[in-house]
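File shown here: final37.csv, holding CSV, C-alpha atoms and all ligand atoms.
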```
chain,number,residue,atom,x,y,z
A,1,MET,CA,37.7,15.8,-21.3
A,2,THR,CA,34.6,13.7,-21.6
A,3,SER,CA,31.7,12.1,-19.8
A,4,ILE,CA,30.5,8.6,-20.6
A,5,ASP,CA,27.0,7.5,-19.7
A,6,ALA,CA,27.0,4.2,-17.8
A,7,SER,CA,23.7,2.6,-16.7
A,8,THR,CA,22.8,4.8,-13.7
A,9,TYR,CA,25.8,7.1,-13.4
A,10,GLN,CA,28.5,8.9,-15.4
A,11,ILE,CA,32.2,8.1,-15.9
A,12,HIS,CA,34.2,11.3,-16.2
A,13,VAL,CA,37.5,11.3,-17.9
A,14,ASN,CA,39.9,14.2,-17.2
A,15,ASN,CA,37.1,16.6,-16.5
A,16,HIS,CA,37.7,19.7,-14.3
A,17,TRP,CA,37.8,18.9,-10.6
A,18,SER,CA,35.2,21.6,-10.0
A,19,THR,CA,32.6,19.2,-11.6
A,20,PHE,CA,33.5,16.7,-9.0
A,21,THR,CA,33.3,19.0,-6.0
A,22,ASN,CA,30.0,20.5,-7.2
A,23,PHE,CA,28.6,17.0,-7.6
A,24,VAL,CA,29.5,16.2,-4.0
A,25,ALA,CA,28.4,19.6,-2.6
A,26,GLU,CA,25.0,19.5,-4.4
A,27,ARG,CA,24.1,16.2,-2.7
A,28,LYS,CA,24.5,17.6,0.8
A,29,TYR,CA,26.0,14.4,2.4
A,30,SER,CA,26.0,14.2,6.2
A,31,SER,CA,29.7,13.2,6.0
A,32,VAL,CA,32.3,12.1,3.5
A,33,VAL,CA,35.0,9.5,4.0
A,34,ILE,CA,37.8,8.9,1.6
A,35,LEU,CA,39.4,5.4,1.5
A,36,VAL,CA,43.1,5.3,0.5
A,37,ASP,CA,46.1,3.0,1.0
A,38,GLU,CA,49.5,4.2,1.9
A,39,ASN,CA,50.5,4.7,-1.8
A,40,THR,CA,47.4,6.5,-2.9
A,41,LYS,CA,47.5,8.7,0.2
A,42,LEU,CA,50.9,9.8,-0.8
A,43,HIS,CA,50.7,10.0,-4.6
A,44,CYS,CA,47.0,10.7,-5.2
A,45,TYR,CA,45.4,12.3,-2.1
A,46,GLU,CA,48.2,14.7,-1.6
A,47,LYS,CA,47.9,15.7,-5.2
A,48,ILE,CA,44.2,16.5,-5.2
A,49,LYS,CA,43.4,17.5,-1.6
A,50,GLU,CA,43.5,21.2,-2.6
A,51,TYR,CA,40.4,20.6,-4.8
A,52,LEU,CA,38.5,18.8,-2.1
A,53,ASP,CA,36.9,21.8,-0.6
A,54,PHE,CA,34.4,19.8,1.5
A,55,ASN,CA,34.8,18.3,5.0
A,56,HIS,CA,36.0,14.8,4.8
A,57,LEU,CA,37.8,12.1,6.8
A,58,LEU,CA,40.5,9.7,5.6
A,59,ILE,CA,40.4,6.0,6.2
A,60,GLU,CA,43.7,4.3,5.3
A,61,ILE,CA,44.2,0.6,4.7
A,62,GLN,CA,47.3,-1.3,3.8
A,63,ALA,CA,48.1,-1.7,0.1
A,64,GLY,CA,48.0,-5.0,-1.7
A,65,GLU,CA,45.7,-7.8,-2.7
A,66,ILE,CA,46.4,-9.7,0.6
A,67,TYR,CA,44.5,-7.0,2.4
A,68,LYS,CA,41.4,-7.4,0.2
A,69,THR,CA,39.6,-9.3,2.9
A,70,LEU,CA,36.6,-9.2,5.2
A,71,ASN,CA,39.0,-8.5,8.1
A,72,THR,CA,40.0,-5.2,6.4
A,73,CYS,CA,36.3,-4.5,5.7
A,74,GLU,CA,35.6,-4.9,9.4
A,75,ASN,CA,38.2,-2.3,10.2
A,76,VAL,CA,36.8,0.1,7.6
A,77,TRP,CA,33.2,-0.4,8.9
A,78,LYS,CA,34.4,0.2,12.5
A,79,GLN,CA,36.1,3.5,11.5
A,80,MET,CA,32.9,4.5,9.7
A,81,LEU,CA,31.0,3.9,12.9
A,82,LYS,CA,33.5,5.9,14.9
A,83,PHE,CA,33.2,8.8,12.4
A,84,ASN,CA,29.4,8.6,12.9
A,85,CYS,CA,28.8,7.8,9.2
A,86,ASP,CA,25.1,7.3,8.6
A,87,ARG,CA,22.9,6.5,5.6
A,88,LYS,CA,23.5,9.9,4.1
A,89,SER,CA,27.2,9.6,4.2
A,90,LEU,CA,29.4,9.3,1.1
A,91,MET,CA,32.4,7.1,0.6
A,92,ILE,CA,35.0,8.0,-2.0
A,93,ASN,CA,37.4,5.2,-3.0
A,94,LEU,CA,40.7,6.7,-4.1
A,95,GLY,CA,43.0,3.9,-5.3
A,96,GLY,CA,43.5,0.9,-7.5
A,97,GLY,CA,41.2,-2.1,-8.0
A,98,VAL,CA,41.7,-3.3,-4.4
A,99,ILE,CA,40.5,0.0,-2.9
A,100,GLY,CA,37.6,0.2,-5.5
A,101,ASP,CA,36.4,-3.4,-5.0
A,102,LEU,CA,36.8,-3.4,-1.2
A,103,GLY,CA,35.6,0.2,-0.6
A,104,GLY,CA,32.6,-0.3,-2.9
A,105,PHE,CA,31.7,-3.4,-1.1
A,106,CYS,CA,32.0,-1.7,2.3
A,107,ALA,CA,29.8,1.2,1.1
A,108,SER,CA,27.3,-1.2,-0.4
A,109,THR,CA,26.8,-3.1,2.8
A,110,TYR,CA,27.3,-0.4,5.5
A,111,MET,CA,23.8,0.4,6.9
A,112,ARG,CA,22.4,-1.6,3.9
A,113,GLY,CA,24.2,0.7,1.5
A,114,ILE,CA,25.4,4.2,1.2
A,115,ASP,CA,26.5,6.3,-1.8
A,116,PHE,CA,30.0,5.8,-3.1
A,117,ILE,CA,32.2,7.3,-5.8
A,118,GLN,CA,35.1,5.5,-7.5
A,119,ILE,CA,38.3,7.4,-8.3
A,120,PRO,CA,40.5,4.7,-9.9
A,121,THR,CA,44.2,5.5,-9.8
A,122,THR,CA,45.8,2.6,-11.6
A,123,LEU,CA,45.5,1.9,-15.3
A,124,LEU,CA,43.9,-1.4,-14.6
A,125,SER,CA,41.2,0.1,-12.3
A,126,GLN,CA,40.6,3.0,-14.7
A,127,VAL,CA,39.9,0.9,-17.7
A,128,ASP,CA,38.6,-2.3,-16.0
A,129,ALA,CA,37.8,-2.6,-12.3
A,130,SER,CA,35.9,0.6,-11.8
A,131,VAL,CA,33.5,-0.1,-14.7
A,132,GLY,CA,30.8,-2.8,-14.5
A,133,GLY,CA,29.6,-2.8,-10.9
A,134,LYS,CA,31.4,-5.8,-9.5
A,135,LEU,CA,32.5,-5.3,-5.9
A,136,GLY,CA,33.9,-7.6,-3.3
A,137,VAL,CA,36.7,-9.2,-1.4
A,138,ASP,CA,38.8,-12.5,-1.4
A,139,LEU,CA,38.3,-15.4,1.0
A,140,ASN,CA,40.7,-18.2,1.7
A,141,ASN,CA,43.0,-16.9,-1.1
A,142,LEU,CA,40.1,-17.3,-3.6
A,143,LYS,CA,39.6,-14.1,-5.5
A,144,ASN,CA,36.4,-12.1,-5.3
A,145,ILE,CA,34.4,-14.8,-3.6
A,146,VAL,CA,32.3,-12.5,-1.4
A,147,GLY,CA,30.7,-9.5,-3.1
A,148,VAL,CA,27.8,-7.8,-4.7
A,149,PHE,CA,26.9,-6.0,-7.9
A,150,ASN,CA,26.2,-2.4,-7.3
A,151,ASN,CA,26.8,0.9,-9.1
A,152,PRO,CA,28.6,4.0,-7.8
A,153,GLN,CA,27.2,7.5,-8.0
A,154,MET,CA,30.0,8.4,-10.3
A,155,VAL,CA,33.4,7.2,-11.6
A,156,TRP,CA,36.0,9.9,-11.8
A,157,VAL,CA,39.0,9.2,-13.9
A,158,ASP,CA,42.1,11.4,-13.9
A,159,THR,CA,44.8,10.0,-16.1
A,160,SER,CA,47.5,12.2,-14.5
A,161,PHE,CA,47.5,9.7,-11.6
A,162,LEU,CA,49.2,7.3,-13.9
A,163,SER,CA,52.4,9.3,-13.7
A,164,SER,CA,53.3,8.0,-10.3
A,165,LEU,CA,52.4,4.3,-11.0
A,166,PRO,CA,55.3,1.9,-11.0
A,167,ALA,CA,56.2,0.8,-14.6
A,168,ASN,CA,55.2,-2.9,-14.0
A,169,GLU,CA,51.8,-1.9,-12.7
A,170,LEU,CA,51.3,0.4,-15.7
A,171,ARG,CA,52.2,-2.5,-18.1
A,172,SER,CA,49.9,-4.8,-16.2
A,173,GLY,CA,47.0,-2.5,-16.8
A,174,TYR,CA,48.0,-2.1,-20.4
A,175,ALA,CA,47.2,-5.8,-21.0
A,176,GLU,CA,43.5,-5.0,-20.3
A,177,VAL,CA,43.7,-2.1,-22.7
A,178,ILE,CA,45.1,-4.4,-25.4
A,179,LYS,CA,42.3,-6.9,-24.5
A,180,HIS,CA,39.6,-4.3,-25.0
A,181,CYS,CA,41.0,-3.3,-28.3
A,182,LEU,CA,41.4,-6.9,-29.6
A,183,ILE,CA,37.8,-8.0,-28.6
A,184,ALA,CA,36.0,-4.9,-29.8
A,185,ASN,CA,37.8,-2.1,-31.5
A,186,LYS,CA,40.0,-2.7,-34.5
A,187,ASP,CA,40.6,1.0,-35.0
A,188,MET,CA,42.4,1.3,-31.7
A,189,TRP,CA,44.9,-1.4,-32.7
A,190,SER,CA,46.9,0.9,-34.9
A,191,THR,CA,47.0,3.5,-32.0
A,192,LEU,CA,48.4,0.9,-29.6
A,193,LYS,CA,50.8,-0.7,-32.1
A,194,ALA,CA,52.7,2.7,-32.2
A,195,TYR,CA,53.9,1.9,-28.6
A,196,SER,CA,56.2,-0.9,-27.8
A,197,ASN,CA,56.3,0.3,-24.2
A,198,PRO,CA,53.4,1.8,-22.3
A,199,ASN,CA,55.7,4.2,-20.5
A,200,ASP,CA,56.0,6.0,-23.9
A,201,VAL,CA,52.3,6.6,-24.2
A,202,ASN,CA,51.5,10.3,-24.4
A,203,ASN,CA,47.8,10.2,-25.1
A,204,TRP,CA,46.4,8.3,-22.1
A,205,SER,CA,43.3,10.5,-22.2
A,206,GLU,CA,42.3,9.1,-25.6
A,207,ILE,CA,43.4,5.5,-24.9
A,208,VAL,CA,41.7,5.3,-21.5
A,209,GLU,CA,38.5,6.8,-22.8
A,210,ASP,CA,38.3,4.4,-25.7
A,211,SER,CA,39.1,1.5,-23.4
A,212,ILE,CA,36.4,2.5,-20.9
A,213,ARG,CA,33.9,2.9,-23.7
A,214,ILE,CA,34.4,-0.7,-24.8
A,215,LYS,CA,34.0,-2.2,-21.3
A,216,ASN,CA,31.1,0.1,-20.6
A,217,ASN,CA,29.3,-0.9,-23.8
A,218,VAL,CA,29.7,-4.6,-23.1
A,219,VAL,CA,28.6,-4.5,-19.4
A,220,THR,CA,25.7,-2.2,-20.3
A,221,GLU,CA,24.5,-4.8,-22.8
A,222,ASP,CA,24.9,-7.7,-20.4
A,223,PRO,CA,25.3,-6.5,-16.8
A,224,ARG,CA,25.1,-10.0,-15.2
A,225,GLU,CA,27.4,-11.9,-17.5
A,226,GLN,CA,24.7,-14.1,-19.1
A,227,GLY,CA,26.3,-13.9,-22.6
A,228,LYS,CA,28.2,-11.1,-24.3
A,229,ARG,CA,30.0,-9.9,-21.1
A,230,LYS,CA,32.0,-13.2,-21.3
A,231,ILE,CA,34.1,-11.7,-24.1
A,232,LEU,CA,35.9,-9.7,-21.4
A,233,ASN,CA,37.3,-13.0,-20.2
A,234,TYR,CA,39.5,-13.2,-23.3
A,235,GLY,CA,43.0,-14.2,-22.2
A,236,HIS,CA,41.7,-15.0,-18.7
A,237,THR,CA,41.0,-18.8,-18.8
A,238,ILE,CA,44.6,-19.7,-19.6
A,239,GLY,CA,46.1,-16.4,-18.2
A,240,HIS,CA,44.4,-16.7,-14.8
A,241,ALA,CA,45.6,-20.3,-14.6
A,242,ILE,CA,49.1,-19.1,-15.3
A,243,GLU,CA,48.8,-16.4,-12.7
A,244,SER,CA,47.6,-18.9,-10.1
A,245,LEU,CA,50.2,-21.5,-11.0
A,246,LEU,CA,53.1,-19.0,-10.7
A,247,LEU,CA,51.8,-17.2,-7.7
A,248,GLU,CA,53.9,-19.0,-5.1
A,249,THR,CA,57.0,-19.2,-7.3
A,250,GLU,CA,60.0,-17.0,-8.1
A,251,ASN,CA,58.4,-16.4,-11.5
A,252,LYS,CA,55.3,-14.8,-10.1
A,253,LEU,CA,53.5,-12.5,-12.6
A,254,LEU,CA,51.3,-9.5,-12.2
A,255,HIS,CA,47.7,-10.1,-13.3
A,256,GLY,CA,48.1,-8.3,-16.6
A,257,GLU,CA,51.4,-9.9,-17.4
A,258,ALA,CA,49.7,-13.3,-17.1
A,259,ILE,CA,46.7,-12.2,-19.1
A,260,ALA,CA,49.0,-11.0,-21.9
A,261,GLN,CA,50.4,-14.5,-22.2
A,262,GLY,CA,46.9,-15.9,-21.9
A,263,MET,CA,45.8,-13.8,-24.8
A,264,ILE,CA,48.5,-15.2,-27.0
A,265,LEU,CA,47.8,-18.8,-26.0
A,266,GLU,CA,44.0,-18.5,-26.4
A,267,ALA,CA,44.5,-16.9,-29.8
A,268,LYS,CA,46.7,-19.9,-30.7
A,269,LEU,CA,43.9,-22.2,-29.7
A,270,SER,CA,41.5,-20.2,-31.9
A,271,LEU,CA,44.1,-20.5,-34.8
A,272,GLU,CA,44.3,-24.2,-34.3
A,273,LYS,CA,40.5,-24.6,-34.3
A,274,GLY,CA,40.4,-22.7,-37.6
A,275,LEU,CA,38.6,-19.7,-35.9
A,276,LEU,CA,41.4,-17.1,-36.4
A,277,SER,CA,43.6,-16.4,-39.4
A,278,GLN,CA,47.4,-17.0,-39.3
A,279,GLY,CA,47.9,-13.3,-40.2
A,280,ASP,CA,45.9,-11.9,-37.3
A,281,PHE,CA,47.5,-14.5,-34.9
A,282,ASN,CA,51.0,-13.4,-35.9
A,283,GLU,CA,50.1,-9.7,-35.4
A,284,VAL,CA,48.7,-10.3,-31.9
A,285,LYS,CA,51.5,-12.6,-30.8
A,286,ASN,CA,54.2,-10.2,-32.2
A,287,TYR,CA,52.8,-7.1,-30.5
A,288,ILE,CA,52.1,-8.7,-27.1
A,289,GLU,CA,55.6,-10.3,-27.1
A,290,THR,CA,57.1,-6.9,-27.9
A,291,VAL,CA,55.5,-5.4,-24.9
A,292,PHE,CA,55.5,-8.3,-22.5
A,293,GLY,CA,58.3,-10.6,-23.6
A,294,THR,CA,58.0,-14.3,-24.4
A,295,LEU,CA,56.7,-16.8,-21.8
A,296,ASP,CA,59.3,-19.4,-20.9
A,297,VAL,CA,57.1,-22.5,-21.3
A,298,SER,CA,59.5,-24.7,-19.4
A,299,ILE,CA,58.3,-23.1,-16.1
A,300,ILE,CA,54.8,-24.2,-16.8
A,301,ASP,CA,53.6,-27.4,-15.1
A,302,VAL,CA,50.9,-28.2,-17.7
A,303,GLU,CA,48.9,-30.7,-15.6
A,304,LYS,CA,48.7,-28.2,-12.8
A,305,LEU,CA,47.7,-25.5,-15.2
A,306,ILE,CA,44.9,-27.6,-16.6
A,307,SER,CA,43.6,-28.2,-13.1
A,308,TYR,CA,43.6,-24.5,-12.4
A,309,ALA,CA,41.8,-23.9,-15.8
A,310,THR,CA,39.3,-26.6,-14.8
A,311,MET,CA,38.5,-24.7,-11.5
A,312,ASP,CA,37.7,-21.5,-13.4
A,313,LYS,CA,34.3,-20.2,-12.2
A,314,LYS,CA,33.3,-19.4,-15.8
A,315,ASN,CA,33.2,-23.1,-16.7
A,316,PHE,CA,30.0,-25.1,-17.1
A,317,ALA,CA,29.2,-28.8,-16.7
A,318,GLY,CA,32.9,-29.7,-16.2
A,319,GLU,CA,34.0,-28.4,-19.6
A,320,ILE,CA,36.7,-25.7,-19.9
A,321,LYS,CA,35.3,-22.7,-21.7
A,322,MET,CA,37.2,-19.7,-23.1
A,323,ALA,CA,36.4,-16.5,-25.0
A,324,SER,CA,38.8,-15.8,-27.8
A,325,ILE,CA,39.2,-13.5,-30.8
A,326,ASP,CA,38.0,-14.6,-34.2
A,327,GLN,CA,39.7,-11.5,-35.8
A,328,ILE,CA,41.3,-8.3,-34.4
A,329,GLY,CA,38.4,-6.4,-33.0
A,330,SER,CA,36.0,-9.2,-32.6
A,331,CYS,CA,35.5,-12.0,-30.1
A,332,SER,CA,33.5,-15.2,-29.6
A,333,TYR,CA,32.7,-16.9,-26.2
A,334,ASP,CA,31.7,-20.2,-24.8
A,335,ILE,CA,34.4,-22.0,-26.9
A,336,THR,CA,35.0,-25.4,-25.4
A,337,ILE,CA,38.7,-26.4,-25.0
A,338,SER,CA,40.0,-29.8,-24.1
A,339,SER,CA,42.9,-30.7,-21.9
A,340,ASP,CA,44.7,-32.1,-25.0
A,341,GLU,CA,44.3,-28.8,-26.8
A,342,ILE,CA,45.9,-27.0,-23.8
A,343,LYS,CA,48.7,-29.5,-23.6
A,344,SER,CA,49.5,-29.0,-27.3
A,345,LEU,CA,50.3,-25.3,-26.5
A,346,PHE,CA,53.3,-26.3,-24.4
A,347,VAL,CA,55.1,-28.9,-26.6
A,401,LIG,N1,35.6,-5.2,-10.1
A,401,LIG,C1,36.0,-5.6,-11.3
A,401,LIG,O1,35.3,-5.7,-12.3
A,401,LIG,C2,37.5,-5.9,-11.4
A,401,LIG,C3,38.1,-6.1,-12.7
A,401,LIG,C4,39.4,-6.3,-12.7
A,401,LIG,C5,40.2,-6.3,-11.6
A,401,LIG,N2,39.6,-6.2,-10.4
A,401,LIG,C6,40.4,-6.2,-9.1
A,401,LIG,O2,41.3,-5.2,-9.1
A,401,LIG,C7,42.4,-5.5,-8.3
A,401,LIG,C8,43.7,-5.2,-8.9
A,401,LIG,O3,43.7,-3.8,-9.2
A,401,LIG,P1,45.0,-3.0,-9.3
A,401,LIG,O4,45.9,-3.6,-10.3
A,401,LIG,O5,44.7,-1.5,-9.5
A,401,LIG,O6,45.8,-3.2,-7.9
A,401,LIG,P2,46.0,-2.4,-6.6
A,401,LIG,O7,44.8,-1.7,-6.1
A,401,LIG,O8,46.6,-3.4,-5.6
A,401,LIG,O9,47.1,-1.3,-7.0
A,401,LIG,C9,48.4,-1.7,-7.4
A,401,LIG,C10,49.5,-1.0,-6.6
A,401,LIG,O10,49.6,0.4,-7.0
A,401,LIG,C11,49.5,1.3,-5.9
A,401,LIG,N3,48.9,2.5,-6.5
A,401,LIG,C12,47.6,2.7,-6.9
A,401,LIG,N4,47.5,3.9,-7.6
A,401,LIG,C13,48.8,4.4,-7.6
A,401,LIG,C14,49.3,5.6,-8.1
A,401,LIG,N5,48.5,6.5,-8.9
A,401,LIG,N6,50.6,5.9,-8.0
A,401,LIG,C15,51.4,5.0,-7.3
A,401,LIG,N7,51.0,3.8,-6.8
A,401,LIG,C16,49.6,3.6,-6.9
A,401,LIG,C17,48.6,0.6,-4.9
A,401,LIG,O11,48.8,1.1,-3.6
A,401,LIG,C18,49.1,-0.9,-5.1
A,401,LIG,O12,50.3,-1.0,-4.4
A,401,LIG,C19,42.3,-7.0,-8.0
A,401,LIG,O13,41.8,-7.2,-6.7
A,401,LIG,C20,41.2,-7.5,-9.0
A,401,LIG,O14,40.4,-8.6,-8.5
A,401,LIG,C21,38.3,-6.0,-10.3
A,402,ZN,ZN,41.9,-9.0,-15.9
```

Take the structure in the file and write it out as structure tokens.
Amino acid sequence: MTSIDASTYQIHVNNHWSTFTNFVAERKYSSVVILVDENTKLHCYEKIKEYLDFNHLLIEIQAGEIYKTLNTCENVWKQMLKFNCDRKSLMINLGGGVIGDLGGFCASTYMRGIDFIQIPTTLLSQVDASVGGKLGVDLNNLKNIVGVFNNPQMVWVDTSFLSSLPANELRSGYAEVIKHCLIANKDMWSTLKAYSNPNDVNNWSEIVEDSIRIKNNVVTEDPREQGKRKILNYGHTIGHAIESLLLETENKLLHGEAIAQGMILEAKLSLEKGLLSQGDFNEVKNYIETVFGTLDVSIIDVEKLISYATMDKKNFAGEIKMASIDQIGSCSYDITISSDEIKSLFV
């Protein structure tokens, strides 16, 4: 049980639900809507509705990234109008990163912005998406193109939601936990290394809290990604390119699965540039491969991968930039990588 101070709000981890309901009751909202998808309605709303002793209305959207669109927002806004939501209404986003990003965006723009609370229910959204104020939706299959920075009134994390999460979604979120540890917290490494499978983890409370603290510290220091926040992109330059490349194929990977391979490959680039020791590289590669398996490099079209990496919105002046670890628990950013260096990873 803990509360973490974020810039203008608090992140509660496994606190008693009465703290949540008191928070809502004290603010005397004119109405409360809870946004869910079909899975979080079943597995999360049903589990907590006995605690929600205030009047509220449910808005349900379809689950999945393909529904993270302006079209879905329009449906949500229309239902809010139908429910007579006004500027004193509250929106509670109960779900994974899709619900959090889309719901937070809907709340931030409805009547020029109403209060919202994030209740992340996937591992990825608990340790990553719900912290840092980035909200938005996809457009033309491009991720997070339309959005805003805005903070919720509160983030409410309950790690018991993880028990109904499919194993592959849990593992995908675990990649971001590993990333946080590798970029900023060497002490956490020995805790994680005790698990070769995230399904075996029995201390989510501690792991999720440590992971949130890392992301929260980084985004508090650099909320608009001018500098240090870029370390959160470790694994994402190559990993995101792998994710995009395999998206339409039978080898499709979940986000975290691709990022896990991206972390190994970017660490390898650091090794080859003399920025990371062989010992640390071996440790990172061995652990990630134990959890996520080995990438079959023969399925990678390297030229295509390079073109995806070149399109990354984090690049500058046509150069491909990455963030990568210089030792376990420490990360550098704005490291330029060439096409030839990327090619060398796949021979
Ligand atoms: N805002 C940010 O800073 C940030 C950071 C990282 C990722 N994201 C975004 O997060 C999204 C991915 O988030 P995600 O991985 O949580 O995906 P998601 O929201 O699609 O959830 C994954 C699946 O799990 C289901 N689900 C959620 N909670 C469940 C539970 N407790 N039990 C059973 N099923 C459950 C969902 O219905 C969905 O089918 C992407 O859109 C990404 O862009 C945002
Ligand atoms: Zn990620």

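Proximal residues of ligand ZN 402 (chain A) are Leu124, Asp128, Glu176, Asn233, His236, His255, Gly256 and Ile259 of chain A, by a cut-off of 8 Å on all atoms listed in the file.
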
Residues within 9 Å of Val76 (chain A), please, as a count of residues only. Count only C-alpha atoms; anything in the same chain fewer than 6 positions from it doesn't count. 6

Have a look at CA of Leu81 (chain A) and atom C14 of ligand LIG 401 (chain A) and let me know their distance in Å, one decimal. 27.9 Å

Check which residues fall inside 7 Å of ligand LIG 401 (chain A) when counting all atoms listed in the file, and print them as a ChimeraX atom specification. /A:37-40,43-44,63-65,68,95-99,101,121-125,128-135,143-144,161-166,169,173

Any chance you could export the current selection's C-alpha atoms as a PDB file, in the frame of the given file?
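Wrote result03.pdb, looks like this:
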```pdb
ATOM      1  CA  ASP A  37      46.100   3.000   1.000  1.00  0.00           C
ATOM      2  CA  GLU A  38      49.500   4.200   1.900  1.00  0.00           C
ATOM      3  CA  ASN A  39      50.500   4.700  -1.800  1.00  0.00           C
ATOM      4  CA  THR A  40      47.400   6.500  -2.900  1.00  0.00           C
ATOM      5  CA  HIS A  43      50.700  10.000  -4.600  1.00  0.00           C
ATOM      6  CA  CYS A  44      47.000  10.700  -5.200  1.00  0.00           C
ATOM      7  CA  ALA A  63      48.100  -1.700   0.100  1.00  0.00           C
ATOM      8  CA  GLY A  64      48.000  -5.000  -1.700  1.00  0.00           C
ATOM      9  CA  GLU A  65      45.700  -7.800  -2.700  1.00  0.00           C
ATOM     10  CA  LYS A  68      41.400  -7.400   0.200  1.00  0.00           C
ATOM     11  CA  GLY A  95      43.000   3.900  -5.300  1.00  0.00           C
ATOM     12  CA  GLY A  96      43.500   0.900  -7.500  1.00  0.00           C
ATOM     13  CA  GLY A  97      41.200  -2.100  -8.000  1.00  0.00           C
ATOM     14  CA  VAL A  98      41.700  -3.300  -4.400  1.00  0.00           C
ATOM     15  CA  ILE A  99      40.500   0.000  -2.900  1.00  0.00           C
ATOM     16  CA  ASP A 101      36.400  -3.400  -5.000  1.00  0.00           C
ATOM     17  CA  THR A 121      44.200   5.500  -9.800  1.00  0.00           C
ATOM     18  CA  THR A 122      45.800   2.600 -11.600  1.00  0.00           C
ATOM     19  CA  LEU A 123      45.500   1.900 -15.300  1.00  0.00           C
ATOM     20  CA  LEU A 124      43.900  -1.400 -14.600  1.00  0.00           C
ATOM     21  CA  SER A 125      41.200   0.100 -12.300  1.00  0.00           C
ATOM     22  CA  ASP A 128      38.600  -2.300 -16.000  1.00  0.00           C
ATOM     23  CA  ALA A 129      37.800  -2.600 -12.300  1.00  0.00           C
ATOM     24  CA  SER A 130      35.900   0.600 -11.800  1.00  0.00           C
ATOM     25  CA  VAL A 131      33.500  -0.100 -14.700  1.00  0.00           C
ATOM     26  CA  GLY A 132      30.800  -2.800 -14.500  1.00  0.00           C
ATOM     27  CA  GLY A 133      29.600  -2.800 -10.900  1.00  0.00           C
ATOM     28  CA  LYS A 134      31.400  -5.800  -9.500  1.00  0.00           C
ATOM     29  CA  LEU A 135      32.500  -5.300  -5.900  1.00  0.00           C
ATOM     30  CA  LYS A 143      39.600 -14.100  -5.500  1.00  0.00           C
ATOM     31  CA  ASN A 144      36.400 -12.100  -5.300  1.00  0.00           C
ATOM     32  CA  PHE A 161      47.500   9.700 -11.600  1.00  0.00           C
ATOM     33  CA  LEU A 162      49.200   7.300 -13.900  1.00  0.00           C
ATOM     34  CA  SER A 163      52.400   9.300 -13.700  1.00  0.00           C
ATOM     35  CA  SER A 164      53.300   8.000 -10.300  1.00  0.00           C
ATOM     36  CA  LEU A 165      52.400   4.300 -11.000  1.00  0.00           C
ATOM     37  CA  PRO A 166      55.300   1.900 -11.000  1.00  0.00           C
ATOM     38  CA  GLU A 169      51.800  -1.900 -12.700  1.00  0.00           C
ATOM     39  CA  GLY A 173      47.000  -2.500 -16.800  1.00  0.00           C
TER      40      GLY A 173
END
```

Which residues of region 37-89 of chain A come within 10 Å of region 11-24 of chain A, and what is each one's closest atom pair and distance in Å (one decimal), counting all atoms listed in the file, sorted by chain and residue number, as JSON lines?
```
{"residue": "A:Ile48", "atom": "CA", "partner": "A:Trp17", "partner_atom": "CA", "distance": 8.7}
{"residue": "A:Tyr51", "atom": "CA", "partner": "A:Trp17", "partner_atom": "CA", "distance": 6.6}
{"residue": "A:Leu52", "atom": "CA", "partner": "A:Thr21", "partner_atom": "CA", "distance": 6.5}
{"residue": "A:Asp53", "atom": "CA", "partner": "A:Thr21", "partner_atom": "CA", "distance": 7.1}
{"residue": "A:Phe54", "atom": "CA", "partner": "A:Thr21", "partner_atom": "CA", "distance": 7.6}
```

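Between CA of Lys179 (chain A) and CA of Gly329 (chain A) there is a distance of 9.4 Å.
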
So which residues touch region 296-300 of chain A within 8 Å, counting all atoms listed in the file, skipping near sequence neighbours fewer than 5 positions away, as a PDB file with C-alpha atoms, keeping the file's coordinate frame?
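Generated output (part04.pdb):
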```
ATOM      1  CA  ILE A 242      49.100 -19.100 -15.300  1.00  0.00           C
ATOM      2  CA  LEU A 245      50.200 -21.500 -11.000  1.00  0.00           C
ATOM      3  CA  LEU A 305      47.700 -25.500 -15.200  1.00  0.00           C
ATOM      4  CA  PHE A 346      53.300 -26.300 -24.400  1.00  0.00           C
TER       5      PHE A 346
END
```

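The interatomic distance for the pair CA of Thr237 (chain A) and CA of Ile207 (chain A) works out to 25.2 Å.
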
Determine, counting all atoms listed in the file, every residue of protein, DNA or RNA that lies within 12 Å of (32.4, -4.0, 4.6) in the file coordinates, then give the result as JSON, numbers by chain. {"A": [68, 69, 70, 71, 72, 73, 74, 75, 76, 77, 78, 79, 80, 81, 91, 99, 101, 102, 103, 104, 105, 106, 107, 108, 109, 110, 111, 112, 113, 114, 135, 136, 137, 146, 147, 148]}

Mind checking which residues fall within 7 Å of Ile238 (chain A), counting all atoms listed in the file, ignoring those fewer than 4 positions away in the same chain, and posting them as a VMD selection string? chain A and resid 242 262 266 309
